[in-house]
Amino acid sequence: MVAKLAKTCTVRISPRQLNFILADKVASGGVSMWCELEQENFFSEFQMEGVSAENNEIYLELTSENLSRALKTAQNARALKIKLTNKHFPCLTVSIELLSVSSSSRVVTHDIPIKVIPRKLWKDLQEPVVPDSDVSIYLPVLKTVKSVVERMKNISNHLIVEANLNGDLNLKIESELVCVTTHFKDLGNPPSASADASHGRDPEQMAEVHVDIRKLLQFLAGQQSTPTKAVCRIVGDKVLHLDVLHEDVSLQYFIPALS
């Protein structure tokens with residue numbers, strides 16, 4: 001999923017979590033991503049030692065596809081070990097123990113080049129502070145949304161996303177020749193949306209944000225399986241915030257509004 005969303009990404013390793021981070025500045029028109037894995041849900045053994053006791057973290061940069069490709073070879077593995085090593089250059093070494101036909105095992109090793117990120121740059125790689133949204137709404141089946149958006153991309157690169165507190169979501173494109181809108185009804189709003197309503201917002205009132213359709217399509221193409229939960233949040237007319245949960249993996253994805 002991450003490899004489809006970001007060519008290179010930052011991996012943050014801490015005692016409790018593994019994070020995959022894309023920190024393009026939303027203000028400059030880039031998307032940003034914060035993906036979170038609780039280590040206890042993935043590893044039977046986990047040892048790490050950060051920079052110091054108070055900064056017990058490691059940040060490194062790698063090519064997402066390299067890690068994805070290495071892990072794909074581990075699908076029928078007996079054991080998998082991921083280690084930070086130095087083999088003439090810093091590496092993330094992935095050791096995979098595979099069973100052979102004769103029941104003996106063989107070990108396949110991948111050395112993935114990485115760049116260790118110095119402490120002074122960590123401040124730009126923290127979990128994004130999410131401003132209050134105007135409207136939060138559950139998303140329909142993402143495959144359906146992807147199919148709709150793919151068709152719309154043939155007409156326009158500019159997509160308008162509208163939603164309200166009544167569970168209505170509209171995806172709309174406008175050109176000189178045509179205006180196309182897809183309506184989704186009764187999607188429901190997460191509990192946080194009731195707080196928006198309590199601030200006096202009319203449930204029928206649409207919040208809208210204009211985004212680059214290709215950036216939304218990239219996010220949708222990255223969803224390999226049906227998520228447990230998918231929420232869309234419209235933050236003013238500035239950001240489309242997509243919040244997705246895949247079993248033990250949570251992903252937040254931020255698409256800036258077109259200026």
# chains A, B, ... in the order shown; residues from 1 in each chain; ligands from 1
>>> select_by_dssp(residues="segment 59-238 of chain A", states="helix (DSSP H, G or I)", output="CSV table (one decimal) with all heavy atoms, in the first residue's frame")
chain,number,residue,atom,x,y,z
A,64,SER,N,10.3,2.8,-1.1
A,64,SER,CA,9.2,1.9,-0.6
A,64,SER,C,9.2,0.6,-1.4
A,64,SER,O,9.0,-0.5,-0.8
A,64,SER,CB,7.9,2.6,-0.7
A,64,SER,OG,8.0,3.9,-0.2
A,65,GLU,N,9.3,0.7,-2.7
A,65,GLU,CA,9.2,-0.5,-3.5
A,65,GLU,C,10.3,-1.6,-3.2
A,65,GLU,O,10.0,-2.8,-3.3
A,65,GLU,CB,9.3,-0.1,-5.0
A,65,GLU,CG,9.1,-1.2,-6.0
A,65,GLU,CD,7.7,-1.9,-5.9
A,65,GLU,OE1,6.7,-1.3,-5.6
A,65,GLU,OE2,7.7,-3.2,-6.0
A,66,ASN,N,11.5,-1.1,-2.8
A,66,ASN,CA,12.5,-2.1,-2.4
A,66,ASN,C,12.1,-3.0,-1.2
A,66,ASN,O,12.3,-4.2,-1.2
A,66,ASN,CB,13.8,-1.4,-2.1
A,66,ASN,CG,14.5,-0.8,-3.3
A,66,ASN,OD1,14.1,-1.1,-4.4
A,66,ASN,ND2,15.5,0.1,-3.1
A,67,LEU,N,11.5,-2.3,-0.2
A,67,LEU,CA,11.0,-3.0,1.0
A,67,LEU,C,9.9,-3.9,0.6
A,67,LEU,O,9.8,-5.1,1.0
A,67,LEU,CB,10.7,-2.1,2.1
A,67,LEU,CG,10.2,-2.7,3.4
A,67,LEU,CD1,11.3,-3.7,4.0
A,67,LEU,CD2,9.9,-1.6,4.4
A,68,SER,N,8.9,-3.4,-0.2
A,68,SER,CA,7.8,-4.1,-0.6
A,68,SER,C,8.2,-5.4,-1.3
A,68,SER,O,7.7,-6.5,-1.1
A,68,SER,CB,6.9,-3.3,-1.5
A,68,SER,OG,5.8,-4.0,-2.0
A,69,ARG,N,9.1,-5.3,-2.3
A,69,ARG,CA,9.6,-6.4,-3.1
A,69,ARG,C,10.2,-7.5,-2.2
A,69,ARG,O,10.0,-8.7,-2.4
A,69,ARG,CB,10.5,-5.9,-4.1
A,69,ARG,CG,10.6,-6.8,-5.4
A,69,ARG,CD,11.6,-6.2,-6.4
A,69,ARG,NE,11.1,-5.0,-7.0
A,69,ARG,CZ,11.8,-3.9,-7.1
A,69,ARG,NH1,13.0,-3.8,-6.6
A,69,ARG,NH2,11.3,-2.8,-7.6
A,70,ALA,N,11.0,-7.0,-1.2
A,70,ALA,CA,11.7,-8.0,-0.3
A,70,ALA,C,10.7,-8.8,0.5
A,70,ALA,O,10.8,-10.0,0.6
A,70,ALA,CB,12.7,-7.2,0.6
A,71,LEU,N,9.7,-8.1,1.0
A,71,LEU,CA,8.7,-8.7,1.9
A,71,LEU,C,7.7,-9.6,1.1
A,71,LEU,O,7.2,-10.6,1.7
A,71,LEU,CB,7.9,-7.6,2.6
A,71,LEU,CG,8.6,-6.8,3.6
A,71,LEU,CD1,7.8,-5.7,4.2
A,71,LEU,CD2,9.2,-7.7,4.8
A,72,LYS,N,7.6,-9.4,-0.2
A,72,LYS,CA,6.7,-10.3,-1.0
A,72,LYS,C,7.3,-11.7,-1.1
A,72,LYS,O,6.6,-12.7,-1.2
A,72,LYS,CB,6.5,-9.7,-2.4
A,72,LYS,CG,5.4,-8.7,-2.5
A,72,LYS,CD,5.3,-8.1,-3.9
A,72,LYS,CE,4.3,-7.0,-3.9
A,72,LYS,NZ,4.4,-6.1,-5.1
A,119,ARG,N,19.1,13.7,13.7
A,119,ARG,CA,18.1,14.2,14.8
A,119,ARG,C,17.6,15.6,14.5
A,119,ARG,O,16.4,15.9,14.7
A,119,ARG,CB,18.9,14.3,16.1
A,119,ARG,CG,18.2,14.9,17.3
A,119,ARG,CD,17.3,13.9,18.0
A,119,ARG,NE,16.5,14.5,19.0
A,119,ARG,CZ,15.4,15.2,18.9
A,119,ARG,NH1,14.9,15.4,17.7
A,119,ARG,NH2,14.8,15.7,19.9
A,120,LYS,N,18.4,16.5,13.9
A,120,LYS,CA,17.9,17.9,13.6
A,120,LYS,C,16.8,18.0,12.6
A,120,LYS,O,16.1,19.0,12.6
A,120,LYS,CB,19.1,18.7,13.2
A,120,LYS,CG,19.7,18.3,11.8
A,120,LYS,CD,20.9,19.2,11.5
A,120,LYS,CE,21.5,18.7,10.2
A,120,LYS,NZ,22.7,19.4,9.8
A,121,LEU,N,16.6,16.9,11.8
A,121,LEU,CA,15.5,16.9,10.8
A,121,LEU,C,14.2,16.2,11.3
A,121,LEU,O,13.2,16.2,10.6
A,121,LEU,CB,16.0,16.2,9.5
A,121,LEU,CG,17.2,16.9,8.8
A,121,LEU,CD1,17.6,16.1,7.6
A,121,LEU,CD2,16.9,18.3,8.5
A,122,TRP,N,14.2,15.6,12.5
A,122,TRP,CA,13.1,14.9,13.0
A,122,TRP,C,11.8,15.8,13.1
A,122,TRP,O,10.7,15.3,13.0
A,122,TRP,CB,13.4,14.2,14.3
A,122,TRP,CG,14.4,13.1,14.3
A,122,TRP,CD1,15.1,12.7,13.2
A,122,TRP,CD2,14.7,12.2,15.3
A,122,TRP,NE1,15.9,11.6,13.5
A,122,TRP,CE2,15.7,11.3,14.8
A,122,TRP,CE3,14.3,12.1,16.7
A,122,TRP,CZ2,16.3,10.3,15.6
A,122,TRP,CZ3,14.9,11.2,17.5
A,122,TRP,CH2,15.8,10.3,16.9
A,123,LYS,N,12.0,17.0,13.5
A,123,LYS,CA,10.9,17.9,13.8
A,123,LYS,C,9.9,18.0,12.6
A,123,LYS,O,8.7,18.3,12.7
A,123,LYS,CB,11.4,19.3,14.2
A,123,LYS,CG,12.1,20.1,13.1
A,123,LYS,CD,12.5,21.4,13.6
A,123,LYS,CE,13.2,22.3,12.6
A,123,LYS,NZ,14.4,21.7,11.9
A,124,ASP,N,10.4,17.8,11.3
A,124,ASP,CA,9.6,17.9,10.2
A,124,ASP,C,8.9,16.5,9.9
A,124,ASP,O,8.1,16.4,8.9
A,124,ASP,CB,10.4,18.2,8.9
A,124,ASP,CG,11.1,19.6,9.1
A,124,ASP,OD1,10.4,20.5,9.7
A,124,ASP,OD2,12.2,19.8,8.6
A,125,LEU,N,9.1,15.6,10.7
A,125,LEU,CA,8.6,14.2,10.5
A,125,LEU,C,7.6,13.7,11.6
A,125,LEU,O,7.5,12.5,11.8
A,125,LEU,CB,9.7,13.2,10.3
A,125,LEU,CG,10.6,13.5,9.1
A,125,LEU,CD1,11.9,12.8,9.2
A,125,LEU,CD2,9.9,13.2,7.7
A,142,LEU,N,-14.5,1.7,-1.4
A,142,LEU,CA,-13.5,2.4,-2.1
A,142,LEU,C,-13.3,2.0,-3.6
A,142,LEU,O,-13.0,2.8,-4.4
A,142,LEU,CB,-12.2,2.3,-1.4
A,142,LEU,CG,-12.1,2.9,0.0
A,142,LEU,CD1,-10.7,2.9,0.6
A,142,LEU,CD2,-12.6,4.4,0.0
A,143,LYS,N,-13.6,0.7,-3.9
A,143,LYS,CA,-13.6,0.2,-5.3
A,143,LYS,C,-14.6,1.0,-6.1
A,143,LYS,O,-14.3,1.3,-7.3
A,143,LYS,CB,-13.9,-1.3,-5.3
A,143,LYS,CG,-12.7,-2.1,-5.1
A,143,LYS,CD,-13.0,-3.6,-5.3
A,143,LYS,CE,-11.8,-4.5,-5.0
A,143,LYS,NZ,-12.1,-5.9,-5.0
A,144,THR,N,-15.8,1.3,-5.5
A,144,THR,CA,-16.8,2.0,-6.3
A,144,THR,C,-16.3,3.4,-6.5
A,144,THR,O,-16.5,4.0,-7.6
A,144,THR,CB,-18.1,2.0,-5.4
A,144,THR,OG1,-18.5,0.7,-5.1
A,144,THR,CG2,-19.2,2.7,-6.2
A,145,VAL,N,-15.8,4.1,-5.4
A,145,VAL,CA,-15.3,5.4,-5.6
A,145,VAL,C,-14.2,5.5,-6.6
A,145,VAL,O,-14.2,6.4,-7.5
A,145,VAL,CB,-14.7,6.0,-4.2
A,145,VAL,CG1,-14.2,7.4,-4.4
A,145,VAL,CG2,-15.8,5.9,-3.2
A,146,LYS,N,-13.3,4.5,-6.6
A,146,LYS,CA,-12.2,4.5,-7.6
A,146,LYS,C,-12.7,4.4,-9.0
A,146,LYS,O,-12.3,5.1,-9.9
A,146,LYS,CB,-11.3,3.3,-7.3
A,146,LYS,CG,-10.1,3.1,-8.2
A,146,LYS,CD,-9.1,2.1,-7.7
A,146,LYS,CE,-7.9,1.9,-8.6
A,146,LYS,NZ,-8.2,0.7,-9.6
A,147,SER,N,-13.7,3.5,-9.2
A,147,SER,CA,-14.3,3.3,-10.5
A,147,SER,C,-14.9,4.7,-11.0
A,147,SER,O,-14.7,5.1,-12.2
A,147,SER,CB,-15.3,2.2,-10.4
A,147,SER,OG,-16.1,2.2,-11.6
A,148,VAL,N,-15.6,5.4,-10.1
A,148,VAL,CA,-16.2,6.7,-10.5
A,148,VAL,C,-15.2,7.7,-10.8
A,148,VAL,O,-15.2,8.4,-11.9
A,148,VAL,CB,-17.1,7.2,-9.3
A,148,VAL,CG1,-17.5,8.6,-9.6
A,148,VAL,CG2,-18.3,6.3,-9.2
A,149,VAL,N,-14.2,7.8,-10.0
A,149,VAL,CA,-13.1,8.8,-10.2
A,149,VAL,C,-12.3,8.6,-11.4
A,149,VAL,O,-11.9,9.5,-12.1
A,149,VAL,CB,-12.2,8.9,-8.9
A,149,VAL,CG1,-11.1,9.9,-9.1
A,149,VAL,CG2,-13.1,9.4,-7.7
A,150,GLU,N,-12.0,7.3,-11.7
A,150,GLU,CA,-11.3,7.0,-12.9
A,150,GLU,C,-12.0,7.5,-14.2
A,150,GLU,O,-11.4,8.0,-15.1
A,150,GLU,CB,-11.1,5.4,-13.0
A,150,GLU,CG,-9.9,5.0,-12.3
A,150,GLU,CD,-9.7,3.5,-12.3
A,150,GLU,OE1,-10.7,2.7,-12.5
A,150,GLU,OE2,-8.6,3.0,-12.0
A,151,ARG,N,-13.3,7.3,-14.2
A,151,ARG,CA,-14.1,7.8,-15.4
A,151,ARG,C,-14.1,9.3,-15.4
A,151,ARG,O,-14.0,9.9,-16.5
A,151,ARG,CB,-15.6,7.3,-15.3
A,151,ARG,CG,-15.7,5.8,-15.5
A,151,ARG,CD,-17.2,5.4,-15.7
A,151,ARG,NE,-17.3,4.0,-15.8
A,151,ARG,CZ,-17.7,3.2,-14.8
A,151,ARG,NH1,-18.0,3.7,-13.6
A,151,ARG,NH2,-17.8,1.9,-15.0
A,152,MET,N,-14.2,9.9,-14.3
A,152,MET,CA,-14.2,11.4,-14.2
A,152,MET,C,-12.9,12.0,-14.7
A,152,MET,O,-12.8,13.1,-15.3
A,152,MET,CB,-14.5,11.9,-12.8
A,152,MET,CG,-15.9,11.7,-12.4
A,152,MET,SD,-16.3,12.3,-10.7
A,152,MET,CE,-18.0,12.5,-10.8
A,153,LYS,N,-11.8,11.3,-14.5
A,153,LYS,CA,-10.4,11.8,-14.8
A,153,LYS,C,-10.3,12.0,-16.3
A,153,LYS,O,-9.5,12.8,-16.8
A,153,LYS,CB,-9.4,10.8,-14.3
A,153,LYS,CG,-7.9,11.2,-14.5
A,153,LYS,CD,-6.9,10.3,-13.9
A,153,LYS,CE,-6.8,9.0,-14.7
A,153,LYS,NZ,-5.9,9.2,-15.9
A,191,PRO,N,-18.9,9.6,15.0
A,191,PRO,CA,-19.3,10.3,16.2
A,191,PRO,C,-18.7,11.7,16.3
A,191,PRO,O,-19.4,12.6,16.8
A,191,PRO,CB,-18.8,9.4,17.3
A,191,PRO,CG,-18.7,8.0,16.7
A,191,PRO,CD,-18.4,8.2,15.3
A,192,SER,N,-17.5,11.9,15.8
A,192,SER,CA,-16.9,13.2,15.9
A,192,SER,C,-17.7,14.3,15.2
A,192,SER,O,-17.7,15.4,15.5
A,192,SER,CB,-15.5,13.2,15.3
A,192,SER,OG,-15.5,12.8,14.0
A,193,ALA,N,-18.5,13.8,14.1
A,193,ALA,CA,-19.3,14.7,13.4
A,193,ALA,C,-20.4,15.3,14.2
A,193,ALA,O,-20.9,16.4,13.9
A,193,ALA,CB,-19.9,14.0,12.1
A,194,SER,N,-20.9,14.6,15.2
A,194,SER,CA,-22.0,15.2,16.0
A,194,SER,C,-21.5,16.5,16.8
A,194,SER,O,-22.2,17.4,17.1
A,194,SER,CB,-22.5,14.2,17.0
A,194,SER,OG,-21.4,13.7,17.9
A,195,ALA,N,-20.1,16.5,17.0
A,195,ALA,CA,-19.6,17.7,17.6
A,195,ALA,C,-19.7,18.9,16.6
A,195,ALA,O,-19.9,20.0,17.0
A,195,ALA,CB,-18.1,17.5,18.0
A,196,ASP,N,-19.5,18.6,15.3
A,196,ASP,CA,-19.6,19.6,14.3
A,196,ASP,C,-21.0,20.1,14.3
A,196,ASP,O,-21.3,21.4,14.2
A,196,ASP,CB,-19.3,19.0,12.9
A,196,ASP,CG,-17.9,18.5,12.8
A,196,ASP,OD1,-17.0,19.0,13.5
A,196,ASP,OD2,-17.6,17.5,12.1
A,197,ALA,N,-22.0,19.2,14.5
A,197,ALA,CA,-23.4,19.6,14.5
A,197,ALA,C,-23.7,20.5,15.7
A,197,ALA,O,-24.5,21.5,15.6
A,197,ALA,CB,-24.3,18.4,14.4
A,198,SER,N,-23.1,20.1,16.8
A,198,SER,CA,-23.4,20.9,18.0
A,198,SER,C,-22.8,22.3,18.0
A,198,SER,O,-23.2,23.2,18.7
A,198,SER,CB,-22.8,20.2,19.3
A,198,SER,OG,-21.4,20.2,19.2
A,213,ILE,N,-7.6,15.5,-9.1
A,213,ILE,CA,-8.2,14.2,-9.2
A,213,ILE,C,-7.1,13.1,-9.2
A,213,ILE,O,-7.3,12.0,-8.7
A,213,ILE,CB,-9.1,14.1,-10.4
A,213,ILE,CG1,-10.2,13.0,-10.3
A,213,ILE,CG2,-8.3,13.9,-11.7
A,213,ILE,CD1,-11.3,13.2,-11.3
A,214,ARG,N,-5.9,13.4,-9.7
A,214,ARG,CA,-4.9,12.4,-9.8
A,214,ARG,C,-4.3,12.0,-8.4
A,214,ARG,O,-4.0,10.8,-8.2
A,214,ARG,CB,-3.7,12.9,-10.7
A,214,ARG,CG,-4.1,13.0,-12.2
A,214,ARG,CD,-3.2,13.9,-13.0
A,214,ARG,NE,-3.1,15.2,-12.4
A,214,ARG,CZ,-2.5,16.2,-13.0
A,214,ARG,NH1,-1.8,16.0,-14.1
A,214,ARG,NH2,-2.5,17.4,-12.5
A,215,LYS,N,-4.3,13.0,-7.5
A,215,LYS,CA,-3.8,12.7,-6.2
A,215,LYS,C,-4.8,11.8,-5.4
A,215,LYS,O,-4.4,10.9,-4.6
A,215,LYS,CB,-3.6,14.0,-5.4
A,215,LYS,CG,-2.3,14.7,-6.0
A,215,LYS,CD,-2.1,16.1,-5.3
A,215,LYS,CE,-0.9,16.7,-6.0
A,215,LYS,NZ,-0.7,18.1,-5.5
A,216,LEU,N,-6.1,12.0,-5.6
A,216,LEU,CA,-7.1,11.2,-5.0
A,216,LEU,C,-7.1,9.8,-5.6
A,216,LEU,O,-7.2,8.8,-4.9
A,216,LEU,CB,-8.5,11.8,-5.1
A,216,LEU,CG,-9.7,10.9,-4.6
A,216,LEU,CD1,-9.5,10.7,-3.1
A,216,LEU,CD2,-11.0,11.6,-4.8
A,217,LEU,N,-6.9,9.7,-6.9
A,217,LEU,CA,-6.8,8.4,-7.6
A,217,LEU,C,-5.6,7.6,-7.1
A,217,LEU,O,-5.7,6.4,-6.9
A,217,LEU,CB,-6.8,8.6,-9.1
A,217,LEU,CG,-7.3,7.5,-10.0
A,217,LEU,CD1,-8.7,7.1,-9.5
A,217,LEU,CD2,-7.4,8.0,-11.4
A,218,GLN,N,-4.5,8.3,-6.8
A,218,GLN,CA,-3.3,7.6,-6.3
A,218,GLN,C,-3.6,7.0,-5.0
A,218,GLN,O,-3.2,5.8,-4.7
A,218,GLN,CB,-2.1,8.6,-6.2
A,218,GLN,CG,-0.8,7.9,-5.8
A,218,GLN,CD,0.3,8.9,-5.8
A,218,GLN,OE1,0.2,10.1,-5.8
A,218,GLN,NE2,1.5,8.3,-5.7
A,219,PHE,N,-4.3,7.7,-4.1
A,219,PHE,CA,-4.7,7.2,-2.8
A,219,PHE,C,-5.6,5.9,-3.0
A,219,PHE,O,-5.4,4.9,-2.3
A,219,PHE,CB,-5.4,8.2,-2.0
A,219,PHE,CG,-6.2,7.7,-0.8
A,219,PHE,CD1,-5.5,7.3,0.4
A,219,PHE,CD2,-7.6,7.5,-0.9
A,219,PHE,CE1,-6.3,6.8,1.4
A,219,PHE,CE2,-8.3,6.9,0.1
A,219,PHE,CZ,-7.6,6.6,1.3
A,220,LEU,N,-6.6,6.0,-3.9
A,220,LEU,CA,-7.5,4.9,-4.0
A,220,LEU,C,-6.8,3.7,-4.6
A,220,LEU,O,-7.1,2.5,-4.3
A,220,LEU,CB,-8.7,5.4,-5.0
A,220,LEU,CG,-9.6,6.4,-4.4
A,220,LEU,CD1,-10.5,7.0,-5.4
A,220,LEU,CD2,-10.4,5.9,-3.2
A,221,ALA,N,-5.9,3.9,-5.5
A,221,ALA,CA,-5.1,2.8,-6.1
A,221,ALA,C,-4.3,2.1,-5.1
A,221,ALA,O,-3.9,0.9,-5.3
A,221,ALA,CB,-4.3,3.3,-7.3
>>> residues_around(residues="Leu99 of chain A", least_positions_apart="4", cutoff="10 Å", atoms="only C-alpha atoms", output="number ranges by chain")
A: 76-79, 103-107
>>> residues_around(residues="segment 7-21 of chain A", least_positions_apart="2", cutoff="6 Å", atoms="only C-alpha atoms", output="PyMOL selection string")
chain A and resi 33-39+57-64
>>> write_last_selection(atoms="N, CA and C atoms", output="tab-separated table (two decimals), in the first residue's frame")
chain	number	residue	atom	x	y	z
A	33	MET	N	1.40	11.82	4.39
A	33	MET	CA	0.87	10.53	4.84
A	33	MET	C	1.48	10.17	6.18
A	34	TRP	N	0.66	9.56	7.03
A	34	TRP	CA	1.14	9.02	8.31
A	34	TRP	C	0.51	7.64	8.47
A	35	CYS	N	1.33	6.60	8.39
A	35	CYS	CA	0.86	5.23	8.48
A	35	CYS	C	1.42	4.61	9.76
A	36	GLU	N	0.57	3.95	10.52
A	36	GLU	CA	0.95	3.51	11.87
A	36	GLU	C	0.71	2.01	12.06
A	37	LEU	N	1.74	1.31	12.55
A	37	LEU	CA	1.63	-0.11	12.87
A	37	LEU	C	2.07	-0.30	14.32
A	38	GLU	N	1.24	-0.92	15.14
A	38	GLU	CA	1.65	-1.25	16.51
A	38	GLU	C	2.56	-2.47	16.42
A	39	GLN	N	3.80	-2.34	16.93
A	39	GLN	CA	4.78	-3.41	16.71
A	39	GLN	C	4.33	-4.75	17.31
A	57	GLU	N	14.21	6.77	19.38
A	57	GLU	CA	13.62	6.60	18.06
A	57	GLU	C	14.72	6.49	17.02
A	58	ILE	N	14.36	5.91	15.87
A	58	ILE	CA	15.27	5.87	14.71
A	58	ILE	C	14.43	6.31	13.51
A	59	TYR	N	14.98	7.20	12.70
A	59	TYR	CA	14.32	7.64	11.48
A	59	TYR	C	15.23	7.29	10.30
A	60	LEU	N	14.66	6.66	9.28
A	60	LEU	CA	15.46	6.35	8.10
A	60	LEU	C	14.62	6.50	6.85
A	61	GLU	N	15.30	6.75	5.75
A	61	GLU	CA	14.60	6.95	4.47
A	61	GLU	C	14.95	5.81	3.54
A	62	LEU	N	13.94	5.31	2.83
A	62	LEU	CA	14.20	4.22	1.88
A	62	LEU	C	13.24	4.30	0.70
A	63	THR	N	13.55	3.51	-0.33
A	63	THR	CA	12.64	3.39	-1.48
A	63	THR	C	11.59	2.35	-1.13
A	64	SER	N	10.34	2.77	-1.07
A	64	SER	CA	9.25	1.90	-0.59
A	64	SER	C	9.18	0.59	-1.36
>>> closest_residue(among="A:Leu177, A:Val130, A:Val135, A:Ala3", to="Gln252 of chain A", atoms="only C-alpha atoms")
A:Val130
>>> select_by_dssp(residues="segment 15-254 of chain A", states="strand (DSSP E or B)", output="number ranges by chain")
A: 17-23, 32-38, 58-63, 77-86, 90-99, 105-113, 115-116, 135-138, 158-163, 169-174, 179-184, 207-212, 229-235, 239-246, 249-254
>>> atom_distance(atom1="atom CA of Phe46 of chain A", atom2="atom CA of Val94 of chain A")
14.1 Å
>>> closest_residue(among="A:Lys87, A:Pro256, A:Gly167, A:Gly30", to="Met206 of chain A", atoms="only C-alpha atoms")
A:Gly167
>>> closest_residue(among="A:Ile112, A:Leu242, A:Leu258, A:Ala230", to="Asp212 of chain A", atoms="only C-alpha atoms")
A:Leu258
>>> residues_around(residues="segment 178-181 of chain A", least_positions_apart="5", cutoff="9 Å", atoms="only C-alpha atoms", output="list of chain:residue names")
A:Met152, A:Ile155, A:Asn170, A:Leu171, A:Lys172, A:Ile173
>>> atom_distance(atom1="atom CA of His158 of chain A", atom2="atom CA of Leu187 of chain A")
23.5 Å
>>> closest_residue(among="A:His88, A:Lys115, A:His110, A:Lys229", to="Asp243 of chain A", atoms="only C-alpha atoms")
A:Lys229
>>> closest_residue(among="A:Ala53, A:Ala163, A:Gly222, A:Asp134", to="Glu204 of chain A", atoms="only C-alpha atoms")
A:Ala163
>>> closest_residue(among="A:Val116, A:Ile82, A:Val231, A:Val211", to="Leu245 of chain A", atoms="only C-alpha atoms")
A:Val231
